Each structure stands twice: as C-alpha cells, then as structure tokens.
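S.K.: Dropping in upload.txt, which is compact mmCIF, N, CA and C atoms:
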```
# COMPACT_ATOMS: atom_id res chain seq x y z
N MET A 1 -14.34 -30.32 -23.30
CA MET A 1 -14.77 -29.11 -23.95
C MET A 1 -13.77 -28.81 -25.05
N SER A 2 -14.28 -28.37 -26.13
CA SER A 2 -13.40 -28.14 -27.27
C SER A 2 -12.84 -26.72 -27.25
N PHE A 3 -11.84 -26.55 -28.04
CA PHE A 3 -11.18 -25.25 -28.12
C PHE A 3 -12.11 -24.18 -28.68
N GLY A 4 -12.95 -24.54 -29.61
CA GLY A 4 -13.88 -23.60 -30.24
C GLY A 4 -14.90 -23.05 -29.25
N ARG A 5 -15.45 -23.95 -28.41
CA ARG A 5 -16.43 -23.48 -27.41
C ARG A 5 -15.80 -22.56 -26.39
N ALA A 6 -14.60 -22.90 -25.95
CA ALA A 6 -13.92 -22.05 -24.96
C ALA A 6 -13.62 -20.68 -25.56
N LEU A 7 -13.23 -20.66 -26.79
CA LEU A 7 -12.95 -19.39 -27.47
C LEU A 7 -14.21 -18.56 -27.62
N LYS A 8 -15.33 -19.21 -27.98
CA LYS A 8 -16.62 -18.50 -28.13
C LYS A 8 -17.05 -17.91 -26.79
N ARG A 9 -16.90 -18.68 -25.72
CA ARG A 9 -17.33 -18.20 -24.40
C ARG A 9 -16.48 -17.01 -23.97
N ARG A 10 -15.20 -17.09 -24.20
CA ARG A 10 -14.32 -15.97 -23.82
C ARG A 10 -14.62 -14.73 -24.67
N MET A 11 -14.91 -14.93 -25.92
CA MET A 11 -15.26 -13.80 -26.79
C MET A 11 -16.57 -13.17 -26.34
N ARG A 12 -17.54 -14.01 -26.01
CA ARG A 12 -18.83 -13.51 -25.55
C ARG A 12 -18.68 -12.77 -24.22
N ASP A 13 -17.83 -13.27 -23.33
CA ASP A 13 -17.61 -12.61 -22.04
C ASP A 13 -16.83 -11.30 -22.20
N ALA A 14 -16.04 -11.19 -23.26
CA ALA A 14 -15.23 -9.99 -23.45
C ALA A 14 -15.94 -8.90 -24.23
N VAL A 15 -17.05 -9.19 -24.87
CA VAL A 15 -17.74 -8.20 -25.71
C VAL A 15 -18.21 -7.01 -24.90
N LEU A 16 -18.85 -7.22 -23.78
CA LEU A 16 -19.38 -6.12 -22.97
C LEU A 16 -18.27 -5.22 -22.42
N PRO A 17 -17.21 -5.75 -21.81
CA PRO A 17 -16.14 -4.85 -21.35
C PRO A 17 -15.44 -4.11 -22.48
N VAL A 18 -15.24 -4.75 -23.63
CA VAL A 18 -14.61 -4.07 -24.76
C VAL A 18 -15.51 -2.96 -25.28
N ALA A 19 -16.81 -3.21 -25.37
CA ALA A 19 -17.74 -2.19 -25.82
C ALA A 19 -17.77 -1.01 -24.83
N PHE A 20 -17.73 -1.31 -23.54
CA PHE A 20 -17.72 -0.26 -22.53
C PHE A 20 -16.43 0.56 -22.62
N ALA A 21 -15.30 -0.10 -22.81
CA ALA A 21 -14.02 0.60 -22.95
C ALA A 21 -14.01 1.47 -24.20
N ALA A 22 -14.58 0.98 -25.29
CA ALA A 22 -14.65 1.78 -26.52
C ALA A 22 -15.54 3.01 -26.32
N LEU A 23 -16.65 2.83 -25.63
CA LEU A 23 -17.55 3.95 -25.35
C LEU A 23 -16.86 4.99 -24.47
N CYS A 24 -16.16 4.53 -23.45
CA CYS A 24 -15.42 5.46 -22.58
C CYS A 24 -14.33 6.18 -23.38
N GLY A 25 -13.64 5.45 -24.24
CA GLY A 25 -12.61 6.06 -25.07
C GLY A 25 -13.18 7.13 -25.99
N TYR A 26 -14.36 6.87 -26.53
CA TYR A 26 -15.02 7.84 -27.40
C TYR A 26 -15.30 9.14 -26.64
N PHE A 27 -15.83 9.03 -25.43
CA PHE A 27 -16.16 10.22 -24.65
C PHE A 27 -14.90 10.95 -24.19
N VAL A 28 -13.86 10.22 -23.85
CA VAL A 28 -12.60 10.87 -23.45
C VAL A 28 -12.00 11.61 -24.64
N TRP A 29 -12.02 11.01 -25.81
CA TRP A 29 -11.48 11.67 -27.00
C TRP A 29 -12.24 12.96 -27.30
N ASN A 30 -13.59 12.89 -27.22
CA ASN A 30 -14.39 14.09 -27.48
C ASN A 30 -14.19 15.16 -26.41
N ALA A 31 -13.96 14.74 -25.18
CA ALA A 31 -13.72 15.72 -24.12
C ALA A 31 -12.40 16.46 -24.35
N GLN A 32 -11.45 15.81 -24.97
CA GLN A 32 -10.16 16.44 -25.24
C GLN A 32 -10.14 17.18 -26.58
N LEU A 33 -10.53 16.51 -27.65
CA LEU A 33 -10.31 17.03 -29.00
C LEU A 33 -11.57 17.34 -29.79
N GLY A 34 -12.73 17.17 -29.21
CA GLY A 34 -13.97 17.40 -29.93
C GLY A 34 -14.25 18.88 -30.14
N ASP A 35 -15.38 19.19 -30.75
CA ASP A 35 -15.76 20.58 -31.03
C ASP A 35 -15.91 21.42 -29.76
N PHE A 36 -16.30 20.80 -28.67
CA PHE A 36 -16.48 21.50 -27.40
C PHE A 36 -15.49 21.00 -26.35
N GLY A 37 -14.39 20.42 -26.77
CA GLY A 37 -13.41 19.84 -25.86
C GLY A 37 -12.46 20.89 -25.29
N LEU A 38 -11.47 20.41 -24.57
CA LEU A 38 -10.54 21.29 -23.89
C LEU A 38 -9.65 22.06 -24.87
N VAL A 39 -9.24 21.43 -25.94
CA VAL A 39 -8.40 22.11 -26.93
C VAL A 39 -9.19 23.22 -27.62
N ALA A 40 -10.43 22.94 -27.98
CA ALA A 40 -11.28 23.95 -28.62
C ALA A 40 -11.56 25.10 -27.66
N ARG A 41 -11.70 24.80 -26.38
CA ARG A 41 -11.94 25.83 -25.37
C ARG A 41 -10.76 26.78 -25.29
N GLU A 42 -9.55 26.24 -25.28
CA GLU A 42 -8.36 27.08 -25.23
C GLU A 42 -8.25 27.96 -26.48
N GLN A 43 -8.57 27.41 -27.63
CA GLN A 43 -8.52 28.20 -28.86
C GLN A 43 -9.56 29.32 -28.82
N LYS A 44 -10.73 29.03 -28.29
CA LYS A 44 -11.77 30.06 -28.19
C LYS A 44 -11.36 31.15 -27.21
N LEU A 45 -10.71 30.78 -26.10
CA LEU A 45 -10.25 31.78 -25.15
C LEU A 45 -9.17 32.67 -25.77
N GLU A 46 -8.29 32.10 -26.58
CA GLU A 46 -7.28 32.90 -27.28
C GLU A 46 -7.95 33.86 -28.27
N ASN A 47 -8.96 33.37 -28.98
CA ASN A 47 -9.68 34.24 -29.92
C ASN A 47 -10.39 35.37 -29.20
N ILE A 48 -10.95 35.09 -28.03
CA ILE A 48 -11.63 36.12 -27.25
C ILE A 48 -10.63 37.17 -26.78
N ALA A 49 -9.46 36.72 -26.31
CA ALA A 49 -8.43 37.67 -25.87
C ALA A 49 -7.96 38.56 -27.02
N LEU A 50 -7.79 37.96 -28.18
CA LEU A 50 -7.38 38.73 -29.36
C LEU A 50 -8.46 39.73 -29.76
N ALA A 51 -9.71 39.31 -29.71
CA ALA A 51 -10.81 40.22 -30.05
C ALA A 51 -10.92 41.36 -29.05
N ARG A 52 -10.68 41.07 -27.77
CA ARG A 52 -10.72 42.15 -26.76
C ARG A 52 -9.60 43.14 -26.97
N ALA A 53 -8.42 42.66 -27.33
CA ALA A 53 -7.30 43.57 -27.61
C ALA A 53 -7.61 44.45 -28.81
N THR A 54 -8.20 43.86 -29.84
CA THR A 54 -8.58 44.62 -31.03
C THR A 54 -9.64 45.66 -30.68
N LEU A 55 -10.59 45.27 -29.85
CA LEU A 55 -11.64 46.19 -29.42
C LEU A 55 -11.05 47.35 -28.63
N ALA A 56 -10.13 47.06 -27.73
CA ALA A 56 -9.51 48.13 -26.93
C ALA A 56 -8.75 49.11 -27.83
N LYS A 57 -8.04 48.60 -28.82
CA LYS A 57 -7.31 49.48 -29.75
C LYS A 57 -8.29 50.32 -30.56
N ALA A 58 -9.37 49.71 -31.02
CA ALA A 58 -10.37 50.46 -31.81
C ALA A 58 -11.03 51.54 -30.95
N GLU A 59 -11.32 51.22 -29.69
CA GLU A 59 -11.92 52.23 -28.82
C GLU A 59 -10.95 53.37 -28.55
N ALA A 60 -9.68 53.06 -28.37
CA ALA A 60 -8.69 54.12 -28.15
C ALA A 60 -8.57 55.01 -29.39
N ASP A 61 -8.58 54.41 -30.57
CA ASP A 61 -8.54 55.19 -31.81
C ASP A 61 -9.77 56.08 -31.95
N ARG A 62 -10.92 55.51 -31.61
CA ARG A 62 -12.15 56.29 -31.71
C ARG A 62 -12.14 57.46 -30.73
N GLU A 63 -11.66 57.24 -29.51
CA GLU A 63 -11.61 58.32 -28.53
C GLU A 63 -10.66 59.43 -28.98
N ALA A 64 -9.53 59.04 -29.57
CA ALA A 64 -8.58 60.05 -30.07
C ALA A 64 -9.22 60.87 -31.18
N LEU A 65 -9.93 60.20 -32.09
CA LEU A 65 -10.61 60.93 -33.16
C LEU A 65 -11.72 61.81 -32.62
N GLU A 66 -12.44 61.33 -31.62
CA GLU A 66 -13.50 62.15 -31.03
C GLU A 66 -12.93 63.40 -30.38
N ARG A 67 -11.78 63.28 -29.71
CA ARG A 67 -11.14 64.45 -29.11
C ARG A 67 -10.74 65.47 -30.18
N ARG A 68 -10.21 64.96 -31.29
CA ARG A 68 -9.82 65.88 -32.38
C ARG A 68 -11.04 66.55 -32.99
N VAL A 69 -12.11 65.81 -33.19
CA VAL A 69 -13.31 66.38 -33.79
C VAL A 69 -13.96 67.37 -32.84
N THR A 70 -13.94 67.08 -31.54
CA THR A 70 -14.52 67.99 -30.56
C THR A 70 -13.81 69.34 -30.59
N GLY A 71 -12.50 69.31 -30.85
CA GLY A 71 -11.75 70.57 -30.93
C GLY A 71 -12.11 71.39 -32.15
N LEU A 72 -12.69 70.79 -33.15
CA LEU A 72 -13.05 71.51 -34.38
C LEU A 72 -14.53 71.85 -34.47
N ARG A 73 -15.30 71.47 -33.49
CA ARG A 73 -16.74 71.70 -33.57
C ARG A 73 -17.22 72.34 -32.26
N GLY A 74 -18.35 72.97 -32.33
CA GLY A 74 -18.95 73.53 -31.13
C GLY A 74 -18.73 75.02 -31.01
N ASP A 75 -19.00 75.53 -29.81
CA ASP A 75 -18.87 76.97 -29.56
C ASP A 75 -17.42 77.39 -29.46
N ARG A 76 -16.59 76.55 -28.84
CA ARG A 76 -15.17 76.89 -28.68
C ARG A 76 -14.35 76.06 -29.66
N ILE A 77 -13.76 76.71 -30.64
CA ILE A 77 -12.95 76.02 -31.63
C ILE A 77 -11.49 76.16 -31.22
N ASP A 78 -10.77 75.07 -31.22
CA ASP A 78 -9.35 75.08 -30.92
C ASP A 78 -8.61 75.64 -32.13
N ARG A 79 -8.05 76.83 -31.98
CA ARG A 79 -7.44 77.52 -33.12
C ARG A 79 -6.22 76.77 -33.65
N ASP A 80 -5.43 76.17 -32.78
CA ASP A 80 -4.25 75.44 -33.25
C ASP A 80 -4.66 74.23 -34.09
N GLN A 81 -5.66 73.54 -33.64
CA GLN A 81 -6.11 72.37 -34.38
C GLN A 81 -6.76 72.78 -35.71
N LEU A 82 -7.50 73.86 -35.69
CA LEU A 82 -8.11 74.37 -36.92
C LEU A 82 -7.02 74.81 -37.91
N ASP A 83 -6.00 75.48 -37.42
CA ASP A 83 -4.90 75.90 -38.27
C ASP A 83 -4.16 74.70 -38.85
N GLU A 84 -3.91 73.70 -38.02
CA GLU A 84 -3.23 72.48 -38.49
C GLU A 84 -4.04 71.77 -39.56
N ARG A 85 -5.32 71.66 -39.34
CA ARG A 85 -6.18 70.96 -40.30
C ARG A 85 -6.27 71.73 -41.62
N ALA A 86 -6.40 73.05 -41.55
CA ALA A 86 -6.49 73.86 -42.76
C ALA A 86 -5.19 73.78 -43.57
N ARG A 87 -4.05 73.82 -42.89
CA ARG A 87 -2.77 73.71 -43.59
C ARG A 87 -2.62 72.33 -44.23
N THR A 88 -3.08 71.30 -43.56
CA THR A 88 -2.98 69.96 -44.11
C THR A 88 -3.85 69.82 -45.36
N LEU A 89 -5.07 70.30 -45.28
CA LEU A 89 -5.99 70.17 -46.41
C LEU A 89 -5.55 71.03 -47.60
N LEU A 90 -5.04 72.23 -47.32
CA LEU A 90 -4.65 73.13 -48.40
C LEU A 90 -3.20 72.95 -48.83
N ASN A 91 -2.45 72.13 -48.09
CA ASN A 91 -1.05 71.86 -48.39
C ASN A 91 -0.23 73.15 -48.40
N LEU A 92 -0.39 73.95 -47.34
CA LEU A 92 0.29 75.23 -47.22
C LEU A 92 1.18 75.25 -45.99
N VAL A 93 2.22 76.09 -46.02
CA VAL A 93 3.10 76.31 -44.87
C VAL A 93 3.35 77.81 -44.76
N GLY A 94 3.80 78.20 -43.59
CA GLY A 94 4.15 79.60 -43.38
C GLY A 94 5.55 79.91 -43.91
N LYS A 95 5.86 81.23 -44.05
CA LYS A 95 7.16 81.63 -44.59
C LYS A 95 8.30 81.27 -43.65
N ASP A 96 8.05 81.27 -42.37
CA ASP A 96 9.11 81.04 -41.40
C ASP A 96 9.15 79.58 -40.90
N GLU A 97 8.47 78.69 -41.56
CA GLU A 97 8.42 77.29 -41.13
C GLU A 97 9.36 76.43 -41.96
N ILE A 98 9.87 75.37 -41.33
CA ILE A 98 10.74 74.41 -42.00
C ILE A 98 9.94 73.13 -42.21
N VAL A 99 9.97 72.59 -43.43
CA VAL A 99 9.21 71.39 -43.76
C VAL A 99 10.17 70.22 -43.88
N ILE A 100 9.89 69.17 -43.16
CA ILE A 100 10.70 67.95 -43.23
C ILE A 100 9.82 66.86 -43.83
N PRO A 101 10.09 66.44 -45.05
CA PRO A 101 9.24 65.42 -45.68
C PRO A 101 9.56 64.03 -45.11
N TYR A 102 8.53 63.23 -45.01
CA TYR A 102 8.66 61.85 -44.55
C TYR A 102 8.30 60.92 -45.69
N GLU A 103 8.84 59.72 -45.62
CA GLU A 103 8.46 58.70 -46.60
C GLU A 103 7.02 58.30 -46.37
N PRO A 104 6.33 57.78 -47.39
CA PRO A 104 4.90 57.45 -47.23
C PRO A 104 4.64 56.44 -46.09
N GLY A 105 5.55 55.50 -45.88
CA GLY A 105 5.31 54.48 -44.85
C GLY A 105 5.74 54.91 -43.46
N LYS A 106 6.48 55.99 -43.34
CA LYS A 106 7.01 56.44 -42.05
C LYS A 106 6.39 57.78 -41.69
N ARG A 107 5.29 57.75 -40.98
CA ARG A 107 4.62 58.97 -40.58
C ARG A 107 5.08 59.38 -39.18
N LEU A 108 5.08 60.67 -38.94
CA LEU A 108 5.48 61.17 -37.63
C LEU A 108 4.42 60.86 -36.60
N PHE A 109 3.16 61.14 -36.95
CA PHE A 109 2.05 60.88 -36.04
C PHE A 109 1.18 59.78 -36.63
N GLN A 110 0.65 58.95 -35.79
CA GLN A 110 -0.16 57.82 -36.26
C GLN A 110 -1.61 58.19 -36.26
```
Go ahead and render the structure in this file as structure tokens.
M.R.:
Amino acid sequence: MSFGRALKRRMRDAVLPVAFAALCGYFVWNAQLGDFGLVAREQKLENIALARATLAKAEADREALERRVTGLRGDRIDRDQLDERARTLLNLVGKDEIVIPYEPGKRLFQ
C-alpha cells in the first residue's frame, strides 16, 4: 500500500470526527459569547438591576413631589409650605430672617 492511499484513508476517517468537534465548538462558543450566551445574560441582568435602581429613585422623587403638591392643593392647605413657595417665587424674605446664599451647584435641599 502506498503512502498516498494510507494518507487518504486516514483523512477520510478523520473528516467526520473533526466536523463533529467543530460543530460542538461552535455551539459551545455561542453558549458562552453569543447574543444569548452566558456573558450577554450577565450584562442584561446588570442592565435590569441598574434600570430598577433608576426606577426606584424616580418613584421616590415622584412621591416626594406628590406630597409637596398635596400640601398646596385641596381643602386643607399647608400654610408653611404655601408661605415657603410664595417666598421662593417672589424672592422675598421677612425683616427678622437671615439669608445664607448658596453656590448654584451646592443646594441645601435636593
């Protein structure tokens, strides 16, 4: 038997296992790094956690604003809040009050 025939037979016998190994490698790579793989799943979970934190902060801000608006509307008006809002809008202070100016980026209340 010649060297060429032996080489052809071995190549022919190796084609199926090599193709199967390549196919398995393709699926393993996609399971790890593909669009729906484990790495993408972790990134999506991080994005979901970040979005939930942003949502919680937005809901807390909305509730605080709703509490302030509720004090200014309805049958019972909160006089302190009304006085604070009127002074802020009109830029007025009382004679016996002390005003402490803040820099634009450093507010006392958020």
S.K.: Which distance in Å separates atom N of A:Arg62 and atom CA of A:Leu45, to one decimal?
M.R.: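 Those two atoms sit 24.6 Å apart.
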S.K.: Give the helix (DSSP H, G or I) residues of chain A, as DSSP finds them on the backbone, and put them as a ChimeraX atom specification.
M.R.: /A:3-33,38-72,79-90
S.K.: Could you check how far atom N of A:Arg73 sits from atom N of A:Leu89, in Å to one decimal?
M.R.: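 Atom-to-atom, atom N of A:Arg73 to atom N of A:Leu89, that is 15.7 Å.
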S.K.: In Å to one decimal, how far is atom CA of A:Ala51 from atom N of A:Arg67?
M.R.: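 For atom N of A:Arg67 relative to atom CA of A:Ala51, the distance reads 23.1 Å.
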S.K.: Determine the nearest neighbour of A:Thr70 from the options A:Val15, A:Ala22, A:Leu50, A:Leu82, counting only C-alpha atoms.
M.R.: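 Comparing A:Val15, A:Ala22, A:Leu50, A:Leu82 against A:Thr70, the winner is A:Leu82.
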S.K.: Can you sort out stretch 22-33 of chain A so it carries all heavy atoms, written as a compact mmCIF listing (two decimals), keeping the file's coordinate frame?
M.R.:
```txt
# COMPACT_ATOMS: atom_id res chain seq x y z
N ALA A 22 -14.58 0.98 -25.29
CA ALA A 22 -14.65 1.78 -26.52
C ALA A 22 -15.54 3.01 -26.32
O ALA A 22 -15.21 4.10 -26.79
CB ALA A 22 -15.17 0.92 -27.67
N LEU A 23 -16.65 2.83 -25.63
CA LEU A 23 -17.55 3.95 -25.35
C LEU A 23 -16.86 4.99 -24.47
O LEU A 23 -16.95 6.20 -24.73
CB LEU A 23 -18.83 3.44 -24.68
CG LEU A 23 -19.93 4.46 -24.45
CD1 LEU A 23 -20.47 4.96 -25.79
CD2 LEU A 23 -21.04 3.86 -23.63
N CYS A 24 -16.16 4.53 -23.45
CA CYS A 24 -15.42 5.46 -22.58
C CYS A 24 -14.33 6.18 -23.38
O CYS A 24 -14.12 7.39 -23.21
CB CYS A 24 -14.80 4.71 -21.41
SG CYS A 24 -16.02 4.18 -20.19
N GLY A 25 -13.64 5.45 -24.24
CA GLY A 25 -12.61 6.06 -25.07
C GLY A 25 -13.18 7.13 -25.99
O GLY A 25 -12.57 8.18 -26.20
N TYR A 26 -14.36 6.87 -26.53
CA TYR A 26 -15.02 7.84 -27.40
C TYR A 26 -15.30 9.14 -26.64
O TYR A 26 -15.03 10.25 -27.13
CB TYR A 26 -16.31 7.25 -27.95
CG TYR A 26 -17.19 8.23 -28.68
CD1 TYR A 26 -16.88 8.63 -29.98
CD2 TYR A 26 -18.32 8.77 -28.07
CE1 TYR A 26 -17.67 9.53 -30.65
CE2 TYR A 26 -19.12 9.67 -28.74
CZ TYR A 26 -18.79 10.06 -30.02
OH TYR A 26 -19.59 10.96 -30.67
N PHE A 27 -15.83 9.03 -25.43
CA PHE A 27 -16.16 10.22 -24.65
C PHE A 27 -14.90 10.95 -24.19
O PHE A 27 -14.87 12.19 -24.16
CB PHE A 27 -17.06 9.87 -23.46
CG PHE A 27 -18.48 9.62 -23.85
CD1 PHE A 27 -19.05 8.37 -23.68
CD2 PHE A 27 -19.25 10.62 -24.41
CE1 PHE A 27 -20.36 8.14 -24.06
CE2 PHE A 27 -20.56 10.40 -24.79
CZ PHE A 27 -21.12 9.15 -24.61
N VAL A 28 -13.86 10.22 -23.85
CA VAL A 28 -12.60 10.87 -23.45
C VAL A 28 -12.00 11.61 -24.64
O VAL A 28 -11.53 12.75 -24.50
CB VAL A 28 -11.62 9.82 -22.88
CG1 VAL A 28 -10.22 10.40 -22.76
CG2 VAL A 28 -12.10 9.32 -21.53
N TRP A 29 -12.02 11.01 -25.81
CA TRP A 29 -11.48 11.67 -27.00
C TRP A 29 -12.24 12.96 -27.30
O TRP A 29 -11.65 13.99 -27.60
CB TRP A 29 -11.55 10.72 -28.21
CG TRP A 29 -10.94 11.32 -29.43
CD1 TRP A 29 -9.64 11.31 -29.79
CD2 TRP A 29 -11.62 12.06 -30.45
NE1 TRP A 29 -9.46 11.99 -30.97
CE2 TRP A 29 -10.67 12.46 -31.40
CE3 TRP A 29 -12.95 12.41 -30.65
CZ2 TRP A 29 -10.99 13.19 -32.53
CZ3 TRP A 29 -13.27 13.15 -31.78
CH2 TRP A 29 -12.30 13.53 -32.70
N ASN A 30 -13.59 12.89 -27.22
CA ASN A 30 -14.39 14.09 -27.48
C ASN A 30 -14.19 15.16 -26.41
O ASN A 30 -14.26 16.35 -26.71
CB ASN A 30 -15.87 13.73 -27.58
CG ASN A 30 -16.25 13.32 -28.98
OD1 ASN A 30 -15.78 13.90 -29.95
ND2 ASN A 30 -17.09 12.32 -29.09
N ALA A 31 -13.96 14.74 -25.18
CA ALA A 31 -13.72 15.72 -24.12
C ALA A 31 -12.40 16.46 -24.35
O ALA A 31 -12.26 17.62 -23.97
CB ALA A 31 -13.70 15.04 -22.75
N GLN A 32 -11.45 15.81 -24.97
CA GLN A 32 -10.16 16.44 -25.24
C GLN A 32 -10.14 17.18 -26.58
O GLN A 32 -9.77 18.35 -26.64
CB GLN A 32 -9.04 15.37 -25.26
CG GLN A 32 -8.73 14.80 -23.92
CD GLN A 32 -8.05 15.81 -23.01
OE1 GLN A 32 -7.26 16.60 -23.47
NE2 GLN A 32 -8.39 15.78 -21.75
N LEU A 33 -10.53 16.51 -27.65
CA LEU A 33 -10.31 17.03 -29.00
C LEU A 33 -11.57 17.34 -29.79
O LEU A 33 -11.48 17.74 -30.95
CB LEU A 33 -9.47 16.02 -29.80
CG LEU A 33 -8.12 15.65 -29.18
CD1 LEU A 33 -7.48 14.51 -29.94
CD2 LEU A 33 -7.21 16.85 -29.13
```
